[in-house]
Each structure stands twice: as structure tokens, then as C-alpha cells.
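The structure appears below as C-alpha cells.
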Amino acid sequence: MDFVFKNKRISGILTILPKRAIKFEDEIENYSFSPAKCMKLKLAMGYKEHRIAEPGQTSVDFAIHGMQYLFDKGLLHREDVDAILFVSQSPDYIMPPSSNIIQGHFGIKQDCVCMDISQGCAGFEIGLIQSFMLLDQPAINKVVLLNAEVLSSRTSRRDRNSWPLAGDAAAVTVVEKSDDNSTIYANIKMDGTGAFALNIPAGGFRMPSTAETAVMVQDDAGNWRSKDNLVMQGDDVFNFVQREVPPMIEHLFEQSGVDRNEVDWYMFHQPNKFMLHKLADKLGIPHEKMPANIVENFGNASGVTVPTCICYNLGDKLVSDSMKLCLAGFGVGLTWSSLMMDFENLQFCKIIEY
Amino acid sequence: MLNNMKEQVIKILTELRPEFDFTQEGLNFIEEGMLDSFDVVSLVNELDTKYGISIDGLDIVPDNFSSVDSIVALLIKNGAK
């Protein structure tokens, strides 16, 4: 499904990372691989270290820390917030919505749309598209998009499929109306037949967490996890990404009329270096235009990887310059989504720690 | 050329998993557990570098890594010379 928007812009992105960094080498003993094989895995996938939240730190904590920073610095004002979108697979509660908790915490006005969206790896793109749709309303001038994940607490440390790339983080993105006449092109696709390629079996109403669901079991590949832990069918996810993402981006080129060489940066979701390089090769995009350095430095925090990639690789350049970016997210759902848009004179684009 | 490519593939496979004999006929490397998905990733990286190609992501499926012959066929399909 294609989308077209006008007179909208991103005016700032703030990424919030946990202070705690854990090195890949320090966790090798958790995996049922020899140290030599682990080091090959490290090189191929680009694992170096990842940021993991302290016990008790939640996705809402990270989002609140980021918003408080923006309020304190005068980069965002409470009275200007017309909508709060909270996109996460690791909300604080099943109910109430995290967005309402955040609105209440800051005493933001009642004329404010609070909305939680259950999305993961494509959560930044889905959140932006939803923000742009809200901004089509006369009453909404500024949306705060929050992407936040603390999925490490539901990932087994003895699962080499998932733990080496696990990462926690949040991002606050301010999206608003603009006089700029440039057009934003976007698309979303979903395929629920692959919904369980990435899943956490227990903890919802279908299978509540119990002592039984917490029992660790070894799978055929030697990974240990319980039903309370995240499961990733790595091969299925890899094949899905290689099959669906290149045609989506080719379609975005056609839809937008933008040649691939006109794009300054391809900021894609960051599952691992290997997967991103294969996508870049398939699309005929130089590796240096598609940064693949987020997993190796911070881990994969699902929908937070794209804003992290933008802040880490471009940062202040987006405050002073204008660039055309192609964004793409793909994963749980299955969901895949992309946008082509100009970034110009952001108020802020940086990373802080919590 | 084919024989040389086969020898190179066996050499890379043996460096990757020295505990197995990849010259044995009739084995399915995936079904026998001689290569897992992470071995395949390492192997693709090695082959890409060695032959100056990029094996198409859509071709990275178990069947294409089940034997030396299938790996050589994969290399040829992806432009290795």
C-alpha cells in the first residue's frame, strides 16, 4: 500500500541508549559454539558490543528520559504536543497504554491523541506514516513519535540466534507540519501468515507466564530458551528480507521518481551486517551509503535502529544540511515498510545515554 | 576450471569445519549437520571475497549448500570464474 504526504517534516530525532555496554567476547561461554567459531560469527554478522538496559529499566523510562531532556533543553514544549505515539514490542503494561502513562507523567493537555502501536523492526516507518496521517488533521500540528524497546529482558542469553544482537534503546522523533512543499513517499506491506517467524510465546492472554513457561529447553541447534523468551526463526527471517525488501525499494524508486543515485543515505533497519550488505548488493547500492554499524556498536533495538543509525552516522550534519534519505524497516509481523523523504535543518539529531 | 573451483570449495569448507570430510560422496552437508546456518554465512562471506562476487541473498537457501557440486553450481550462477 502506497502513501503520499506533503507539508510534513521531521524536526528532530533523539536516541536514548542504556549506559551498560556488554562485549561479545565476554559472552562467548554462553553459546554452544567453540570460541573460534564464535569469532567467525562475530566477523560475519558484525557483533562487537551491545547496549543492555539495567534490570528494572523499562521502555517507558527511556522514553520519559528522552522527552524530559528535550523539555529541559527547550527543544520541545509540553503545550505543543498534540499527539504521542508509542511504538514498541515491550510496553510496561498490557494495560494501560504506555502513551497515556507518558502523557500523564508530563501533565500534557487532554486535547492530545495517545496511541500505542504494537510494531517492532518496521516500527519507525510505521510510526512516521501514522504521524503524517495524524498531521493531516487541522487540530494536530506536532506529533511526538516514541520508539522504545527493552526486549533484552525477554531474550535468552544462551540463545546465540538472538542474544548477540539484542539491544535496548528508545528514540524520540518530533514530526510536524511544514511549509516545505517537498513530497514524502512511503509504503507498507504486511503478511500475517509469517507472524510467528519472530515471537514470544508466553506472557499474553493466550499463554500466560507461569513456572512452566519459564523452564529453559534446548533446541535442535543447541540454543537454550523458555517460552517466555523471544524466538527468531533466523533462516525464515533472512529469506523474507531478501525476498521482499529489494522489490519494495525498487517500487519506492518508481513511486517517487527518485533515482537510486540521488539518495544520499539508505538508513535501513539493522539486523546484522551480512544481511544489510546482501540487500545493498542486490539493490546496486554502495555499502558506504547504507551504514551497517548499529548492531556492532549498540545491538538491534528493533524499531529504534533506524533513528539510531541516523543519529549515529549523520548527527549534526542533519542540523546544518539537507539530505535525501531512504528509510526501510522489516521484521516482526511480518511487516515491511519504506519511505523516501528529505531531511533538512533538524533542530536536533543526537544520542544521549540513560 | 570446475575441478579447480571444487578444490577451492573443499578447502574453504575444511577450514570452516575441519572435523568433517567434505570429499566424501553422497553426503548432504545440511542434513548431516556438517554445516549450520552460521557456517553458511561464513562460507558465503569467504566465497564472495575469494571470487569477487556477491552471492544473491535469494540463493542463500539450504539446498544450494548441500554438496560441493551444489556450491559450485551456485558460484557459477552468481558469476564466479
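To be explicit about the labels: the chains of the C-alpha cells are called A, B, and onward in the order shown, and within each one the residues are counted from 1, while ligands get numbers from 1 in the order they are shown.
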Taking a cut-off of 9 Å and counting only C-alpha atoms, can you build a table that, for each residue of chain A near chain B, reports the nearest atom pair and how far apart they are in Å (one decimal), sorted by chain then residue number, as a tab-separated table?
residue	atom	partner	partner_atom	distance
A:Lys37	CA	B:Leu16	CA	8.3
A:Lys40	CA	B:Ser42	CA	6.8
A:Leu41	CA	B:Phe38	CA	6.7
A:Leu43	CA	B:Ser42	CA	8.6
A:Ala44	CA	B:Ser42	CA	6.1
A:Met45	CA	B:Val41	CA	8.3
A:Ala221	CA	B:Asp36	CA	8.3
A:Gly234	CA	B:Ser37	CA	8.5
A:Asp235	CA	B:Ser37	CA	7.4
A:Phe238	CA	B:Gly57	CA	8.3
A:Asn239	CA	B:Leu58	CA	6.6
A:Val241	CA	B:Gly57	CA	8.9
A:Gln242	CA	B:Gly57	CA	5.5
A:Arg243	CA	B:Leu58	CA	6.3
A:Phe274	CA	B:Val41	CA	7.6
A:Met275	CA	B:Gly57	CA	8.0
A:Lys278	CA	B:Gly57	CA	5.8
A:Leu279	CA	B:Gly57	CA	7.4
A:Asp281	CA	B:Ser54	CA	6.8
A:Lys282	CA	B:Asp56	CA	6.8
Give me the residues near range 300-304 of chain A as a list of chain:residue names, where near means some atom within 8 Å (using only C-alpha atoms) and where sequence neighbours in that chain fewer than 4 positions away do not count.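 Answer for this query is A:Thr15, A:Val87, A:Ser88, A:Gln119, A:Gly120, A:Cys121, A:Ala122, A:Gly123, A:Phe124, A:Asn147, A:Ala148, A:Glu149, A:Val150, A:Leu151, A:Leu165, A:Ala166, A:Gly167, A:Asp168, A:Ala169, A:Ala170, A:Ala171, A:His269, A:Gln270, A:Pro271, A:Ile294, A:Val295, A:Thr308, A:Gly329.
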Just write the chosen residues, N, CA and C atoms, as an mmCIF file, in the first residue's frame.
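What landed in out28.cif:
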data_model
loop_
_atom_site.group_PDB
_atom_site.id
_atom_site.type_symbol
_atom_site.label_atom_id
_atom_site.label_comp_id
_atom_site.auth_asym_id
_atom_site.auth_seq_id
_atom_site.Cartn_x
_atom_site.Cartn_y
_atom_site.Cartn_z
ATOM 1 N N THR A 15 18.085 9.880 20.190
ATOM 2 C CA THR A 15 18.180 8.463 20.553
ATOM 3 C C THR A 15 18.697 8.355 21.983
ATOM 4 N N VAL A 87 5.552 3.306 20.015
ATOM 5 C CA VAL A 87 5.672 2.092 19.199
ATOM 6 C C VAL A 87 6.650 1.146 19.884
ATOM 7 N N SER A 88 6.183 -0.046 20.222
ATOM 8 C CA SER A 88 7.037 -0.947 20.998
ATOM 9 C C SER A 88 6.490 -2.367 20.971
ATOM 10 N N GLN A 119 4.325 -2.666 17.088
ATOM 11 C CA GLN A 119 5.161 -2.964 15.925
ATOM 12 C C GLN A 119 6.610 -2.998 16.379
ATOM 13 N N GLY A 120 7.449 -3.663 15.629
ATOM 14 C CA GLY A 120 8.842 -3.816 16.039
ATOM 15 C C GLY A 120 9.821 -3.253 15.034
ATOM 16 N N CYS A 121 10.386 -4.118 14.217
ATOM 17 C CA CYS A 121 11.512 -3.731 13.355
ATOM 18 C C CYS A 121 11.141 -2.670 12.324
ATOM 19 N N ALA A 122 9.870 -2.623 11.922
ATOM 20 C CA ALA A 122 9.424 -1.580 10.994
ATOM 21 C C ALA A 122 8.716 -0.463 11.754
ATOM 22 N N GLY A 123 8.902 -0.430 13.042
ATOM 23 C CA GLY A 123 8.140 0.485 13.898
ATOM 24 C C GLY A 123 8.431 1.958 13.685
ATOM 25 N N PHE A 124 9.628 2.290 13.227
ATOM 26 C CA PHE A 124 9.926 3.704 12.970
ATOM 27 C C PHE A 124 9.156 4.174 11.734
ATOM 28 N N ASN A 147 9.736 5.499 19.855
ATOM 29 C CA ASN A 147 10.061 4.087 19.622
ATOM 30 C C ASN A 147 10.914 3.643 20.802
ATOM 31 N N ALA A 148 10.515 2.580 21.463
ATOM 32 C CA ALA A 148 11.258 2.181 22.668
ATOM 33 C C ALA A 148 11.186 0.667 22.850
ATOM 34 N N GLU A 149 12.333 0.063 23.158
ATOM 35 C CA GLU A 149 12.371 -1.391 23.358
ATOM 36 C C GLU A 149 13.332 -1.775 24.482
ATOM 37 N N VAL A 150 12.902 -2.703 25.298
ATOM 38 C CA VAL A 150 13.797 -3.347 26.284
ATOM 39 C C VAL A 150 13.638 -4.866 26.160
ATOM 40 N N LEU A 151 13.694 -5.341 24.932
ATOM 41 C CA LEU A 151 13.446 -6.768 24.689
ATOM 42 C C LEU A 151 14.549 -7.679 25.209
ATOM 43 N N LEU A 165 22.718 -10.131 19.195
ATOM 44 C CA LEU A 165 22.283 -8.922 18.509
ATOM 45 C C LEU A 165 21.248 -8.134 19.309
ATOM 46 N N ALA A 166 20.854 -8.635 20.475
ATOM 47 C CA ALA A 166 19.848 -7.927 21.280
ATOM 48 C C ALA A 166 20.369 -6.561 21.702
ATOM 49 N N GLY A 167 19.490 -5.597 21.700
ATOM 50 C CA GLY A 167 19.862 -4.265 22.156
ATOM 51 C C GLY A 167 18.636 -3.544 22.676
ATOM 52 N N ASP A 168 18.831 -2.664 23.646
ATOM 53 C CA ASP A 168 17.738 -1.858 24.181
ATOM 54 C C ASP A 168 18.000 -0.396 23.831
ATOM 55 N N ALA A 169 16.942 0.353 23.613
ATOM 56 C CA ALA A 169 17.106 1.773 23.279
ATOM 57 C C ALA A 169 15.729 2.409 23.103
ATOM 58 N N ALA A 170 15.726 3.718 22.989
ATOM 59 C CA ALA A 170 14.500 4.447 22.646
ATOM 60 C C ALA A 170 14.877 5.615 21.745
ATOM 61 N N ALA A 171 13.883 6.119 21.046
ATOM 62 C CA ALA A 171 14.094 7.324 20.225
ATOM 63 C C ALA A 171 12.864 8.210 20.336
ATOM 64 N N HIS A 269 16.741 -0.714 8.705
ATOM 65 C CA HIS A 269 16.750 -1.481 9.957
ATOM 66 C C HIS A 269 18.043 -2.304 10.012
ATOM 67 N N GLN A 270 18.539 -2.553 11.220
ATOM 68 C CA GLN A 270 19.881 -3.114 11.391
ATOM 69 C C GLN A 270 19.842 -4.500 12.038
ATOM 70 N N PRO A 271 19.495 -5.543 11.269
ATOM 71 C CA PRO A 271 19.509 -6.893 11.849
ATOM 72 C C PRO A 271 20.927 -7.427 12.020
ATOM 73 N N ILE A 294 25.250 -0.369 13.398
ATOM 74 C CA ILE A 294 24.479 -0.196 14.643
ATOM 75 C C ILE A 294 24.504 -1.460 15.498
ATOM 76 N N VAL A 295 24.314 -2.625 14.863
ATOM 77 C CA VAL A 295 24.364 -3.870 15.642
ATOM 78 C C VAL A 295 25.730 -4.022 16.307
ATOM 79 N N THR A 308 18.505 5.432 15.448
ATOM 80 C CA THR A 308 19.870 5.343 15.984
ATOM 81 C C THR A 308 20.887 5.461 14.862
ATOM 82 N N GLY A 329 12.255 -0.480 7.105
ATOM 83 C CA GLY A 329 12.201 -1.382 8.261
ATOM 84 C C GLY A 329 11.523 -2.668 7.844
#
Can you pull out every residue from range 107-323 of chain A that DSSP, working from the backbone, puts in strand (DSSP E), and format the result as number ranges by chain? A: 113-117, 142-149, 169-177, 183-190, 198-199, 217-218, 224-225, 231-232, 265-268, 322-323
Keeping only N, CA and C atoms, write the selected residues to a file as a short mmCIF file (atom, residue, chain, number, x, y, z; two decimals), in the first residue's frame.
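Saved the output as selection-v6.cif:
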data_model
loop_
_atom_site.label_atom_id
_atom_site.label_comp_id
_atom_site.auth_asym_id
_atom_site.auth_seq_id
_atom_site.Cartn_x
_atom_site.Cartn_y
_atom_site.Cartn_z
N VAL A 113 -3.84 13.19 21.32
CA VAL A 113 -4.07 11.79 20.93
C VAL A 113 -2.93 10.94 21.48
N CYS A 114 -3.28 9.94 22.30
CA CYS A 114 -2.27 9.00 22.80
C CYS A 114 -2.56 7.64 22.16
N MET A 115 -1.56 7.07 21.54
CA MET A 115 -1.80 5.84 20.79
C MET A 115 -0.59 4.92 20.90
N ASP A 116 -0.82 3.68 21.32
CA ASP A 116 0.25 2.67 21.32
C ASP A 116 0.12 1.83 20.05
N ILE A 117 1.23 1.56 19.44
CA ILE A 117 1.25 0.71 18.24
C ILE A 117 2.17 -0.46 18.51
N LYS A 142 1.79 18.96 15.86
CA LYS A 142 3.07 18.36 16.27
C LYS A 142 2.81 17.00 16.91
N VAL A 143 3.53 15.98 16.44
CA VAL A 143 3.41 14.62 16.96
C VAL A 143 4.75 14.22 17.56
N VAL A 144 4.69 13.62 18.74
CA VAL A 144 5.91 13.03 19.32
C VAL A 144 5.85 11.53 19.10
N LEU A 145 6.75 11.05 18.27
CA LEU A 145 6.82 9.61 17.97
C LEU A 145 7.88 8.99 18.88
N LEU A 146 7.45 8.02 19.67
CA LEU A 146 8.36 7.34 20.59
C LEU A 146 8.53 5.89 20.15
N ASN A 147 9.74 5.50 19.86
CA ASN A 147 10.06 4.09 19.62
C ASN A 147 10.91 3.64 20.80
N ALA A 148 10.52 2.58 21.46
CA ALA A 148 11.26 2.18 22.67
C ALA A 148 11.19 0.67 22.85
N GLU A 149 12.33 0.06 23.16
CA GLU A 149 12.37 -1.39 23.36
C GLU A 149 13.33 -1.78 24.48
N ALA A 169 16.94 0.35 23.61
CA ALA A 169 17.11 1.77 23.28
C ALA A 169 15.73 2.41 23.10
N ALA A 170 15.73 3.72 22.99
CA ALA A 170 14.50 4.45 22.65
C ALA A 170 14.88 5.62 21.75
N ALA A 171 13.88 6.12 21.05
CA ALA A 171 14.09 7.32 20.22
C ALA A 171 12.86 8.21 20.34
N VAL A 172 13.12 9.49 20.43
CA VAL A 172 12.04 10.49 20.39
C VAL A 172 12.19 11.24 19.07
N THR A 173 11.16 11.17 18.25
CA THR A 173 11.19 11.86 16.96
C THR A 173 10.04 12.86 16.93
N VAL A 174 10.36 14.12 16.67
CA VAL A 174 9.33 15.14 16.60
C VAL A 174 8.96 15.34 15.13
N VAL A 175 7.67 15.16 14.86
CA VAL A 175 7.15 15.24 13.49
C VAL A 175 6.11 16.35 13.46
N GLU A 176 6.19 17.23 12.45
CA GLU A 176 5.28 18.37 12.46
C GLU A 176 4.91 18.84 11.07
N LYS A 177 3.93 19.74 11.04
CA LYS A 177 3.54 20.36 9.78
C LYS A 177 4.66 21.28 9.31
N THR A 183 7.65 16.33 -1.29
CA THR A 183 6.71 15.21 -1.14
C THR A 183 7.41 14.05 -0.44
N ILE A 184 6.68 13.40 0.44
CA ILE A 184 7.17 12.20 1.12
C ILE A 184 6.44 11.00 0.52
N TYR A 185 7.20 10.03 0.07
CA TYR A 185 6.62 8.80 -0.49
C TYR A 185 6.86 7.65 0.49
N ALA A 186 5.85 6.82 0.63
CA ALA A 186 6.00 5.73 1.61
C ALA A 186 5.18 4.53 1.18
N ASN A 187 5.49 3.39 1.74
CA ASN A 187 4.66 2.21 1.53
C ASN A 187 4.77 1.26 2.72
N ILE A 188 3.75 0.45 2.85
CA ILE A 188 3.69 -0.56 3.93
C ILE A 188 3.19 -1.86 3.32
N LYS A 189 3.79 -2.96 3.71
CA LYS A 189 3.23 -4.28 3.37
C LYS A 189 3.27 -5.15 4.63
N MET A 190 2.30 -6.05 4.72
CA MET A 190 2.23 -6.94 5.88
C MET A 190 1.83 -8.34 5.42
N LEU A 198 8.96 -14.38 14.20
CA LEU A 198 9.52 -13.71 15.39
C LEU A 198 8.40 -13.65 16.41
N ASN A 199 8.60 -14.26 17.57
CA ASN A 199 7.53 -14.22 18.55
C ASN A 199 8.04 -14.50 19.95
N VAL A 217 14.61 -24.81 27.75
CA VAL A 217 14.68 -26.03 26.94
C VAL A 217 15.69 -25.81 25.82
N GLN A 218 16.45 -26.86 25.51
CA GLN A 218 17.45 -26.76 24.44
C GLN A 218 16.81 -27.15 23.10
N TRP A 224 19.41 -22.47 24.18
CA TRP A 224 18.52 -22.65 25.32
C TRP A 224 17.59 -21.45 25.43
N ARG A 225 16.28 -21.73 25.53
CA ARG A 225 15.34 -20.64 25.78
C ARG A 225 14.07 -21.22 26.40
N VAL A 231 11.72 -15.80 20.33
CA VAL A 231 12.16 -16.83 19.38
C VAL A 231 12.26 -16.19 18.00
N MET A 232 13.40 -16.40 17.36
CA MET A 232 13.54 -15.90 15.99
C MET A 232 13.90 -17.06 15.08
N TRP A 265 21.56 8.79 1.55
CA TRP A 265 21.79 7.72 2.52
C TRP A 265 20.61 6.75 2.54
N TYR A 266 20.95 5.49 2.68
CA TYR A 266 19.95 4.45 2.88
C TYR A 266 20.03 4.02 4.34
N MET A 267 19.04 4.45 5.10
CA MET A 267 19.02 4.13 6.53
C MET A 267 18.03 3.00 6.76
N PHE A 268 18.56 1.79 6.84
CA PHE A 268 17.72 0.60 6.95
C PHE A 268 17.78 0.04 8.37
N SER A 322 20.90 19.58 4.07
CA SER A 322 19.69 18.95 3.53
C SER A 322 20.11 17.66 2.83
N MET A 323 19.40 16.59 3.11
CA MET A 323 19.74 15.30 2.50
C MET A 323 18.48 14.54 2.16
#
For Lys273 in chain A, the nearest of the candidates A:Gly46, A:Asn297, A:Ser338, A:Met248, counting only C-alpha atoms: A:Gly46
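One distance worth recording is that between CA of Glu296 in chain A and CA of Lys48 in chain A, which is 4.6 Å.
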Would you please give, as a PyMOL selection string, all residues of chain B that DSSP assigns to alpha helix (DSSP H) based on the backbone? chain B and resi 2-16+37-51+68-77
Near Asn3 in chain B, counting only C-alpha atoms, which residues have an atom at most 12 Å away, once you skip same-chain residues fewer than 3 positions from it, shown as a ChimeraX atom specification? /B:6-10,68-69,72,81
Kindly save the residues from that selection, with N, CA and C atoms included, as an mmCIF file, in the first residue's frame.
data_model
loop_
_atom_site.group_PDB
_atom_site.id
_atom_site.type_symbol
_atom_site.label_atom_id
_atom_site.label_comp_id
_atom_site.auth_asym_id
_atom_site.auth_seq_id
_atom_site.Cartn_x
_atom_site.Cartn_y
_atom_site.Cartn_z
ATOM 1 N N LYS B 6 36.086 -26.738 -7.455
ATOM 2 C CA LYS B 6 35.718 -27.767 -6.467
ATOM 3 C C LYS B 6 36.779 -27.857 -5.368
ATOM 4 N N GLU B 7 38.037 -27.866 -5.812
ATOM 5 C CA GLU B 7 39.132 -27.955 -4.828
ATOM 6 C C GLU B 7 39.112 -26.765 -3.875
ATOM 7 N N GLN B 8 38.862 -25.589 -4.424
ATOM 8 C CA GLN B 8 38.813 -24.385 -3.584
ATOM 9 C C GLN B 8 37.661 -24.462 -2.581
ATOM 10 N N VAL B 9 36.508 -24.947 -3.064
ATOM 11 C CA VAL B 9 35.332 -25.050 -2.182
ATOM 12 C C VAL B 9 35.624 -26.036 -1.048
ATOM 13 N N ILE B 10 36.220 -27.185 -1.399
ATOM 14 C CA ILE B 10 36.540 -28.192 -0.359
ATOM 15 C C ILE B 10 37.533 -27.607 0.643
ATOM 16 N N VAL B 68 29.304 -30.253 -2.538
ATOM 17 C CA VAL B 68 30.313 -29.453 -3.254
ATOM 18 C C VAL B 68 29.776 -29.057 -4.625
ATOM 19 N N ASP B 69 29.106 -30.000 -5.301
ATOM 20 C CA ASP B 69 28.574 -29.698 -6.634
ATOM 21 C C ASP B 69 27.536 -28.575 -6.581
ATOM 22 N N VAL B 72 29.339 -25.291 -6.119
ATOM 23 C CA VAL B 72 29.998 -24.868 -7.367
ATOM 24 C C VAL B 72 28.950 -24.321 -8.346
ATOM 25 N N LYS B 81 34.243 -17.084 -11.771
ATOM 26 C CA LYS B 81 35.016 -17.615 -12.907
ATOM 27 C C LYS B 81 36.305 -18.214 -12.406
#
